[in-house]
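Visitor: Compact mmCIF, C-alpha atoms and all ligand atoms, saved as upload.txt, coming up:
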```txt
# COMPACT_ATOMS: atom_id res chain seq x y z
CA MET A 14 -16.96 20.45 8.05
CA TYR A 15 -13.77 18.89 9.31
CA LYS A 16 -10.89 18.25 6.97
CA ILE A 17 -8.32 15.52 7.42
CA LYS A 18 -5.67 16.89 9.75
CA ASN A 19 -2.75 18.59 7.96
CA ILE A 20 -4.22 18.07 4.49
CA GLU A 21 -4.40 21.83 3.85
CA LYS A 22 -0.87 22.26 5.15
CA ALA A 23 0.37 19.49 2.85
CA ALA A 24 -1.43 20.93 -0.19
CA GLU A 25 -0.11 24.41 0.53
CA ARG A 26 3.46 23.11 0.74
CA ILE A 27 3.12 21.17 -2.51
CA ARG A 28 1.73 24.26 -4.31
CA GLN A 29 4.62 26.26 -2.97
CA ALA A 30 7.08 23.66 -4.30
CA VAL A 31 5.44 23.87 -7.72
CA ASN A 32 5.58 27.66 -7.73
CA ASN A 33 9.24 27.69 -6.70
CA ASN A 34 10.23 24.97 -9.14
CA GLU A 35 11.47 22.77 -6.32
CA ARG A 36 12.26 19.17 -7.10
CA ILE A 37 9.46 16.83 -6.01
CA ILE A 38 9.85 13.10 -5.33
CA ILE A 39 6.94 10.69 -4.92
CA TYR A 40 7.58 7.49 -3.02
CA GLY A 41 4.65 5.06 -2.96
CA ASP A 42 3.94 1.54 -1.84
CA SER A 43 4.13 -1.16 -4.52
CA ASP A 44 0.54 -2.36 -4.30
CA LEU A 45 -2.38 -0.94 -6.24
CA ASP A 46 -3.35 1.37 -3.38
CA GLY A 47 0.11 2.93 -3.35
CA ILE A 48 0.42 3.00 -7.13
CA SER A 49 -2.97 4.57 -7.77
CA SER A 50 -2.16 7.16 -5.07
CA ALA A 51 1.10 8.00 -6.84
CA VAL A 52 -0.55 8.30 -10.25
CA ILE A 53 -3.23 10.76 -9.13
CA VAL A 54 -0.98 12.89 -6.95
CA GLU A 55 1.56 13.14 -9.77
CA GLU A 56 -1.16 14.09 -12.25
CA ALA A 57 -2.55 16.70 -9.88
CA ILE A 58 0.92 18.22 -9.56
CA LYS A 59 1.29 18.27 -13.35
CA ASN A 60 -2.06 19.97 -13.56
CA LEU A 61 -0.76 22.71 -11.33
CA GLY A 62 2.05 23.17 -13.82
CA GLY A 63 4.62 21.30 -11.76
CA GLN A 64 6.82 18.30 -12.40
CA VAL A 65 7.65 15.26 -10.33
CA CYS A 66 11.29 14.36 -10.86
CA ARG A 67 11.12 10.81 -9.55
CA VAL A 68 8.40 8.32 -8.71
CA PHE A 69 9.78 5.45 -6.63
CA PHE A 70 8.24 2.16 -5.54
CA PRO A 71 10.26 -0.07 -3.21
CA ASP A 72 10.74 -3.78 -3.83
CA ARG A 73 9.21 -5.14 -0.63
CA GLU A 74 10.93 -8.48 -1.02
CA LYS A 75 14.48 -7.26 -1.56
CA ASP A 76 14.64 -3.85 0.02
CA GLY A 77 11.90 -3.95 2.62
CA TYR A 78 8.57 -2.24 3.01
CA GLY A 79 8.44 1.53 3.38
CA VAL A 80 11.12 4.15 2.91
CA ASN A 81 14.40 2.25 2.88
CA LEU A 82 18.07 3.11 2.98
CA LYS A 83 18.83 1.82 -0.49
CA ALA A 84 16.24 4.20 -1.95
CA LEU A 85 17.58 7.16 0.01
CA GLU A 86 21.06 6.33 -1.23
CA LEU A 87 19.85 6.37 -4.85
CA LEU A 88 17.76 9.52 -4.41
CA LYS A 89 20.44 11.47 -2.56
CA LYS A 90 21.63 13.24 -5.69
CA ASP A 91 18.19 14.84 -6.10
CA ALA A 92 18.36 16.59 -2.71
CA PRO A 93 17.15 19.08 -1.73
CA ALA A 94 13.60 18.09 -2.68
CA LEU A 95 10.09 17.79 -1.39
CA PHE A 96 9.54 14.09 -0.66
CA ILE A 97 5.96 12.84 -0.62
CA THR A 98 5.27 9.34 0.69
CA LEU A 99 2.04 7.56 -0.20
CA ASP A 100 0.61 4.49 1.56
CA LEU A 101 3.72 4.15 3.70
CA GLY A 102 6.02 6.21 5.87
CA ILE A 103 4.19 6.41 9.19
CA GLY A 104 6.54 3.75 10.65
CA ASN A 105 9.77 5.14 9.13
CA VAL A 106 11.10 7.12 12.12
CA LYS A 107 14.79 6.37 11.49
CA GLU A 108 14.63 6.65 7.71
CA ALA A 109 12.86 10.01 7.98
CA GLU A 110 15.65 11.29 10.20
CA LEU A 111 18.22 10.33 7.58
CA ALA A 112 16.08 11.79 4.79
CA LYS A 113 16.00 15.10 6.60
CA LYS A 114 19.79 15.10 6.92
CA ILE A 115 20.12 14.44 3.21
CA GLY A 116 17.93 17.45 2.49
CA PHE A 117 14.48 15.98 1.90
CA GLU A 118 11.48 17.72 3.34
CA MET A 119 8.92 14.98 3.86
CA ILE A 120 5.16 14.92 3.63
CA ILE A 121 3.80 11.58 4.78
CA VAL A 122 0.41 10.54 3.44
CA ASP A 123 -0.53 7.21 4.96
CA HIS A 124 -3.49 5.30 6.30
CA HIS A 125 -1.66 2.80 8.47
CA GLU A 126 -1.80 2.80 12.27
CA PRO A 127 0.65 5.25 13.85
CA LEU A 128 2.97 3.47 16.31
CA ASP A 129 4.08 5.04 19.58
CA GLY A 130 6.56 7.35 17.90
CA VAL A 131 5.90 8.97 14.51
CA PRO A 132 8.54 10.38 12.14
CA ASP A 133 9.69 13.95 12.64
CA VAL A 134 8.78 15.42 9.24
CA TYR A 135 7.23 18.54 7.68
CA THR A 136 3.74 17.11 8.05
CA ILE A 137 1.81 13.87 8.35
CA VAL A 138 -1.60 13.26 6.80
CA ASP A 139 -3.04 10.10 8.34
CA PRO A 140 -6.61 10.09 9.67
CA LYS A 141 -5.61 7.37 12.12
CA GLN A 142 -3.52 9.83 14.12
CA LYS A 143 -5.13 10.03 17.55
CA ASP A 144 -5.77 13.78 17.43
CA ASP A 145 -7.22 13.82 13.92
CA PRO A 146 -10.86 14.96 14.25
CA TYR A 147 -11.87 13.75 10.80
CA PRO A 148 -14.76 11.35 11.44
CA PHE A 149 -14.04 8.80 8.70
CA LYS A 150 -10.98 6.66 9.41
CA GLN A 151 -11.28 3.77 7.00
CA PHE A 152 -9.97 5.22 3.76
CA ALA A 153 -7.60 3.28 1.59
CA ASN A 154 -4.57 5.49 1.05
CA VAL A 155 -5.83 6.44 -2.38
CA GLY A 156 -8.98 7.89 -0.77
CA ILE A 157 -6.79 10.25 1.22
CA ALA A 158 -4.68 10.96 -1.86
CA PHE A 159 -7.87 11.85 -3.72
CA ARG A 160 -8.85 14.29 -0.97
CA LEU A 161 -5.36 15.77 -1.24
CA CYS A 162 -5.80 16.22 -5.01
CA GLU A 163 -9.11 17.99 -4.38
CA GLU A 164 -7.34 20.24 -1.92
CA LEU A 165 -4.52 20.89 -4.41
CA LEU A 166 -6.69 21.70 -7.42
CA GLY A 167 -9.84 23.07 -5.80
CA LYS A 168 -12.20 24.46 -8.44
CA ASN A 169 -9.61 23.84 -11.11
CA MET A 170 -10.29 20.13 -11.02
CA SER A 171 -12.34 19.56 -14.17
CA PRO A 172 -15.10 16.95 -14.05
CA THR A 173 -13.11 14.80 -16.49
CA LEU A 174 -10.01 14.89 -14.35
CA ARG A 175 -12.05 14.24 -11.23
CA ASN A 176 -13.61 11.17 -12.84
CA SER A 177 -10.31 9.82 -13.99
CA PHE A 178 -8.91 10.20 -10.45
CA LEU A 179 -12.01 8.53 -9.02
CA GLU A 180 -11.58 5.55 -11.35
CA LEU A 181 -8.18 4.88 -9.83
CA ALA A 182 -9.37 5.70 -6.32
CA ALA A 183 -12.16 3.12 -6.72
CA LEU A 184 -9.76 0.42 -7.92
CA GLY A 185 -7.24 1.13 -5.15
CA THR A 186 -9.96 1.19 -2.51
CA ILE A 187 -11.37 -2.16 -3.62
CA ALA A 188 -7.87 -3.64 -3.90
CA ASP A 189 -6.91 -2.61 -0.37
CA MET A 190 -9.95 -4.40 1.07
CA VAL A 191 -11.04 -1.59 3.35
CA PRO A 192 -14.73 -1.58 4.33
CA GLN A 193 -16.87 -0.44 1.40
CA ILE A 194 -18.90 2.00 3.47
CA GLU A 195 -19.52 5.75 3.70
CA GLU A 196 -16.86 7.74 1.83
CA ASN A 197 -15.27 4.58 0.43
CA GLN A 198 -18.60 3.48 -0.95
CA LYS A 199 -19.11 6.82 -2.69
CA ILE A 200 -15.63 6.72 -4.19
CA ILE A 201 -16.23 3.19 -5.48
CA GLU A 202 -19.66 3.97 -6.92
CA GLU A 203 -18.56 7.11 -8.72
CA GLY A 204 -15.28 5.60 -9.87
CA LEU A 205 -16.79 2.44 -11.31
CA ARG A 206 -19.49 4.42 -13.08
CA SER A 207 -16.80 6.40 -14.87
CA LEU A 208 -14.54 3.41 -15.48
CA LYS A 209 -16.73 2.04 -18.28
CA ASN A 210 -15.90 5.08 -20.40
CA THR A 211 -12.40 5.65 -19.15
CA PHE A 212 -9.96 7.69 -21.22
CA ARG A 213 -6.94 6.06 -19.60
CA PRO A 214 -5.24 3.75 -22.11
CA GLY A 215 -3.86 1.60 -19.30
CA LEU A 216 -7.39 0.78 -18.12
CA LYS A 217 -9.13 0.72 -21.50
CA VAL A 218 -6.73 -2.02 -22.54
CA PHE A 219 -8.46 -4.43 -20.16
CA TRP A 220 -11.69 -4.19 -22.15
CA ASP A 221 -9.72 -5.74 -25.03
CA ILE A 222 -8.48 -8.51 -22.78
CA PHE A 223 -11.62 -9.29 -20.78
CA GLY A 224 -14.37 -7.68 -22.88
CA LYS A 225 -16.29 -4.50 -22.26
CA GLY A 226 -18.70 -6.18 -19.85
CA ALA A 227 -15.77 -6.81 -17.54
CA ILE A 228 -17.02 -4.56 -14.76
CA LEU A 229 -20.30 -6.40 -14.52
CA ASP A 230 -19.26 -10.00 -14.91
CA GLY A 231 -16.68 -10.33 -12.17
CA SER A 232 -13.65 -9.63 -14.34
CA LEU A 233 -13.30 -6.38 -12.42
CA LEU A 234 -11.58 -8.38 -9.71
CA LYS A 235 -9.30 -9.92 -12.32
CA ILE A 236 -8.31 -6.44 -13.47
CA ILE A 237 -7.66 -5.39 -9.91
CA SER A 238 -5.61 -8.42 -9.05
CA ALA A 239 -3.62 -8.07 -12.27
CA LEU A 240 -2.83 -4.44 -11.39
CA ASN A 241 -2.00 -5.59 -7.88
CA ALA A 242 0.30 -8.34 -9.13
CA SER A 243 3.14 -6.15 -10.30
CA GLU A 244 6.25 -6.15 -8.18
CA SER A 245 8.70 -3.32 -8.15
CA GLU A 246 12.14 -3.80 -9.57
CA THR A 247 14.87 -1.23 -9.08
CA PHE A 248 12.11 1.03 -7.75
CA GLU A 249 10.13 0.84 -11.01
CA ASN A 250 6.72 -0.70 -11.27
CA ASP A 251 4.85 -2.16 -14.27
CA SER A 252 1.39 -1.19 -13.03
CA TYR A 253 2.50 2.40 -12.61
CA MET A 254 3.95 2.34 -16.15
CA LEU A 255 0.72 0.87 -17.47
CA LEU A 256 -1.50 3.43 -15.75
CA THR A 257 0.61 6.35 -16.93
CA SER A 258 1.45 5.20 -20.45
CA GLY A 259 -0.15 6.89 -23.46
CA SER A 260 0.74 4.17 -25.95
CA ALA A 261 -1.96 1.57 -26.62
CA GLU A 262 0.61 -0.93 -27.79
CA ARG A 263 2.80 -0.58 -24.74
CA CYS A 264 -0.30 -0.85 -22.55
CA ARG A 265 -1.32 -4.10 -24.21
CA GLU A 266 2.11 -5.57 -23.58
CA LEU A 267 2.20 -4.50 -19.95
CA ALA A 268 -1.38 -5.52 -19.20
CA GLN A 269 -0.91 -8.98 -20.68
CA LYS A 270 2.30 -9.41 -18.70
CA LEU A 271 0.45 -8.51 -15.49
CA VAL A 272 -2.49 -10.82 -16.24
CA ASP A 273 -0.08 -13.72 -16.79
CA LYS A 274 1.92 -12.89 -13.72
CA ASN A 275 -1.22 -12.78 -11.64
CA GLN A 276 -2.28 -16.23 -12.82
CA TYR A 277 1.08 -17.65 -11.91
CA LYS A 278 0.95 -15.99 -8.50
CA GLN A 279 -2.52 -17.35 -7.75
CA GLN A 280 -1.26 -20.86 -8.39
CA GLN A 281 1.68 -20.32 -6.06
CA VAL A 282 -0.61 -18.95 -3.37
CA LYS A 283 -2.65 -22.16 -3.60
CA ASN A 284 0.48 -24.27 -3.22
CA ILE A 285 1.59 -22.41 -0.10
CA VAL A 286 -1.90 -22.58 1.42
CA HIS A 287 -1.86 -26.38 0.97
CA GLU A 288 1.55 -26.65 2.56
CA ILE A 289 0.46 -24.60 5.59
CA GLU A 290 -2.71 -26.65 5.98
CA ARG A 291 -0.62 -29.80 5.99
CA ARG A 292 1.63 -28.35 8.71
CA ILE A 293 -1.10 -27.02 10.99
CA SER A 294 -3.16 -30.21 10.82
CA GLN A 295 -0.51 -31.59 13.17
CA LYS A 296 -0.99 -28.86 15.78
CA PRO A 297 -4.70 -27.95 15.85
CA LYS A 298 -4.67 -26.54 19.39
CA GLU A 299 -2.28 -23.63 18.89
CA PRO A 300 -3.94 -20.20 19.34
CA ILE A 301 -2.18 -18.68 16.32
CA ILE A 302 -0.90 -19.87 12.97
CA PHE A 303 2.77 -19.01 12.57
CA GLU A 304 4.51 -20.51 9.56
CA GLY A 305 7.52 -19.59 7.46
CA ASP A 306 9.73 -21.03 4.75
CA PRO A 307 12.79 -19.94 2.77
CA ALA A 308 11.02 -20.86 -0.47
CA TRP A 309 7.95 -18.68 0.00
CA ARG A 310 7.83 -15.29 -1.64
CA LEU A 311 7.12 -12.43 0.68
CA THR A 312 4.86 -10.80 -1.88
CA LEU A 313 2.49 -13.78 -1.63
CA ALA A 314 2.45 -13.90 2.17
CA GLY A 315 -0.44 -11.44 2.53
CA SER A 316 -2.77 -13.35 0.20
CA VAL A 317 -1.85 -16.65 1.83
CA ALA A 318 -2.35 -15.34 5.37
CA SER A 319 -5.66 -13.83 4.36
CA ILE A 320 -7.04 -17.14 3.05
CA ILE A 321 -5.77 -19.14 6.05
CA SER A 322 -6.93 -16.68 8.66
CA GLN A 323 -10.44 -16.54 7.21
CA LYS A 324 -10.73 -20.28 6.98
CA TYR A 325 -9.37 -21.12 10.44
CA GLU A 326 -10.40 -17.90 12.21
CA LYS A 327 -7.02 -17.54 13.88
CA PRO A 328 -4.40 -14.77 13.79
CA THR A 329 -2.10 -15.88 10.97
CA PHE A 330 1.58 -14.99 10.53
CA VAL A 331 3.17 -16.09 7.25
CA PHE A 332 6.79 -15.26 6.56
CA LYS A 333 9.66 -15.74 4.19
CA LYS A 334 12.59 -17.06 6.15
CA GLY A 335 15.71 -15.32 4.86
CA ASP A 336 19.34 -16.14 5.68
CA SER A 337 19.43 -14.13 8.88
CA GLU A 338 16.12 -12.25 8.95
CA SER A 339 12.53 -13.14 8.29
CA CYS A 340 9.86 -10.91 6.91
CA GLY A 341 6.16 -11.61 6.87
CA SER A 342 2.53 -10.64 6.60
CA VAL A 343 -0.18 -10.92 9.20
CA ARG A 344 -3.95 -11.29 8.86
CA ASN A 345 -6.24 -11.77 11.82
CA PRO A 346 -9.95 -12.17 12.56
CA LYS A 347 -12.18 -9.21 13.40
CA HIS A 348 -12.04 -7.90 16.94
CA THR A 349 -8.39 -8.88 17.30
CA ASN A 350 -5.53 -6.47 16.74
CA SER A 351 -2.22 -7.72 15.39
CA VAL A 352 -0.48 -4.33 15.68
CA GLU A 353 -1.26 -4.29 19.43
CA ALA A 354 -0.08 -7.90 19.67
CA MET A 355 3.24 -7.06 18.02
CA LYS A 356 3.67 -4.00 20.24
CA THR A 357 4.08 -6.44 23.15
CA CYS A 358 7.11 -7.87 21.31
CA ASP A 359 8.56 -4.67 19.90
CA GLY A 360 11.93 -5.18 21.63
CA ILE A 361 12.75 -8.14 19.39
CA LEU A 362 11.26 -6.84 16.12
CA ILE A 363 13.29 -4.90 13.56
CA THR A 364 10.18 -3.25 12.11
CA TYR A 365 6.47 -3.89 12.20
CA GLY A 366 3.22 -2.08 11.58
CA GLY A 367 0.13 -1.77 9.42
CA HIS A 368 -3.56 -2.11 10.16
CA THR A 369 -5.34 -3.80 13.05
CA GLN A 370 -6.22 -6.75 10.83
CA ALA A 371 -3.56 -6.66 8.13
CA SER A 372 0.03 -5.92 9.02
CA GLY A 373 3.62 -6.98 8.58
CA PHE A 374 6.89 -7.48 10.40
CA ARG A 375 10.63 -8.03 10.05
CA ILE A 376 12.65 -9.93 12.65
CA LYS A 377 16.02 -11.67 13.19
CA ASN A 378 15.67 -15.43 12.79
CA GLU A 379 17.08 -16.07 16.26
CA ASN A 380 14.06 -14.24 17.74
CA LEU A 381 11.37 -16.12 15.81
CA GLU A 382 10.60 -18.60 18.59
CA GLU A 383 10.33 -15.92 21.23
CA PHE A 384 8.11 -13.86 18.91
CA LYS A 385 5.78 -16.80 18.42
CA LYS A 386 5.61 -17.38 22.18
CA GLY A 387 4.87 -13.72 22.88
CA LEU A 388 2.13 -13.61 20.26
CA SER A 389 0.60 -16.85 21.52
CA ARG A 390 0.56 -15.44 25.04
CA TYR A 391 -1.11 -12.24 23.86
CA PHE A 392 -3.82 -13.94 21.81
CA GLN A 393 -4.43 -16.67 24.42
CA LYS A 394 -5.19 -13.94 26.97
CA LYS A 395 -7.54 -12.16 24.54
CA LYS A 396 -9.63 -15.26 24.02
MN MN A 401 -2.85 0.74 1.56
```
What does this structure look like when you write it as structure tokens?
Guide:
Amino acid sequence: MYKIKNIEKAAERIRQAVNNNERIIIYGDSDLDGISSAVIVEEAIKNLGGQVCRVFFPDREKDGYGVNLKALELLKKDAPALFITLDLGIGNVKEAELAKKIGFEMIIVDHHEPLDGVPDVYTIVDPKQKDDPYPFKQFANVGIAFRLCEELLGKNMSPTLRNSFLELAALGTIADMVPQIEENQKIIEEGLRSLKNTFRPGLKVFWDIFGKGAILDGSLLKIISALNASESETFENDSYMLLTSGSAERCRELAQKLVDKNQYKQQQVKNIVHEIERRISQKPKEPIIFEGDPAWRLTLAGSVASIISQKYEKPTFVFKKGDSESCGSVRNPKHTNSVEAMKTCDGILITYGGHTQASGFRIKNENLEEFKKGLSRYFQKKK
């Protein structure tokens, strides 16, 4: 039986850090996939008798996706430390170099597409690496994180702990919209079965809000989008707090805040979708949809692009236009590859990356027109 490449090496290094009382930092993406990954890896480390000194989630809107300089600046005082990234990191070549100088030994756990160069770190666990023999490639990050927890705890993972990890793995896997097949399907089935009787106060609280039948009647998606609606602020995240809190009262507060926030976000997504539809009705022949605005929130761009791209079956680029730079999300129809498309423009992009059908980018405003032209050329040829 194959294992995911480097997963044993990563687990061994984490156990060593626990045994030597090294400081450990977890740095996860701010969506539910990243957050659920962080929660289970932290709990696995605690189960080994270790401690995580900081759990960080970047504010995508303000500080940028992935490991960013502001975070490294804040974390510097904790060096040296073992630095575990979850659901991000594979594109952070420069940041990893700086992290190493500061004194962080990095383990990258990610499920995004590796670009041409990968960071020079202690080890990388990402089944999408070309030389990874593991047959299943379509995990959400939390699926990989769950495999890492299994590797870390081995036989010491009690059935109760395993179930509670699977509950989160199921939610993160559904939230990340990866195909619900093979290993993902098993994770989802087992996780949802356990969810009904969850011990986790931060999940149980949703039965009070939506009723105990929530998993069956479609409210499951409401729970997931509420957990996915949190945005990080100063590297803290409400969904992470909710999922790790032991206080029922605090959980109720946080959960209600997230449910309200999600409702508000859904309305804003609708407004942006309407605005884009108005704009593109004037240019129906263009091979891609490429729209930005200073008023749009970056955190909504993915949902918006997803709706538009499904409806119009075109590669869709939606971005927040900042003062000098723009940052956006990409969704594109099956059998097209937006990461490959952006590779043809990588000279003018500040950063980019993600999955073949869901990705993101950051670019200087003066290069937006050229970027659009390059993308149009690429997708025109692929037609
Ligand atoms: Mn993910």
Visitor: By how many Å are CA of Arg175 in chain A and CA of Leu161 in chain A apart?
Guide: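 These atoms are spaced 12.1 Å apart.
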Visitor: Leaving out Ala57 in chain A and any residue of its chain fewer than 4 positions from it, which residues lie within 7 Å of it when counting all atoms listed in the file, given as a compact mmCIF listing (two decimals) with C-alpha atoms, in the frame of the given file?
Guide:
```txt
# COMPACT_ATOMS: atom_id res chain seq x y z
CA ILE A 53 -3.23 10.76 -9.13
CA LEU A 61 -0.76 22.71 -11.33
CA CYS A 162 -5.80 16.22 -5.01
CA LEU A 166 -6.69 21.70 -7.42
```
Visitor: Pick out the residues sitting within 9 Å of range 128-135 of chain A, and hand them over as number ranges by chain; count all atoms listed in the file, and ignore anything fewer than 3 positions along from it in its own chain.
Guide: A: 23, 102-110, 113, 118-121, 352, 356, 366
Visitor: Residues around (21.2, 13.5, -2.4), cut-off 10 Å, counting only C-alpha atoms - what are they as a list in words?
Guide: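 Residues lying no farther than 10 Å from the given point: Leu85, Glu86, Leu87, Leu88, Lys89, Lys90, Asp91, Ala92, Pro93, Ala94, Ala112, Lys114, Ile115, Gly116 and Phe117 of chain A.
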Visitor: Anything within 7 Å of (13.1, 11.4, -4.9): list those residues as a PyMOL selection string, counting only C-alpha atoms and sticking to the file's coordinates.
Guide: chain A and resi 37-39+66-68+88+91+96
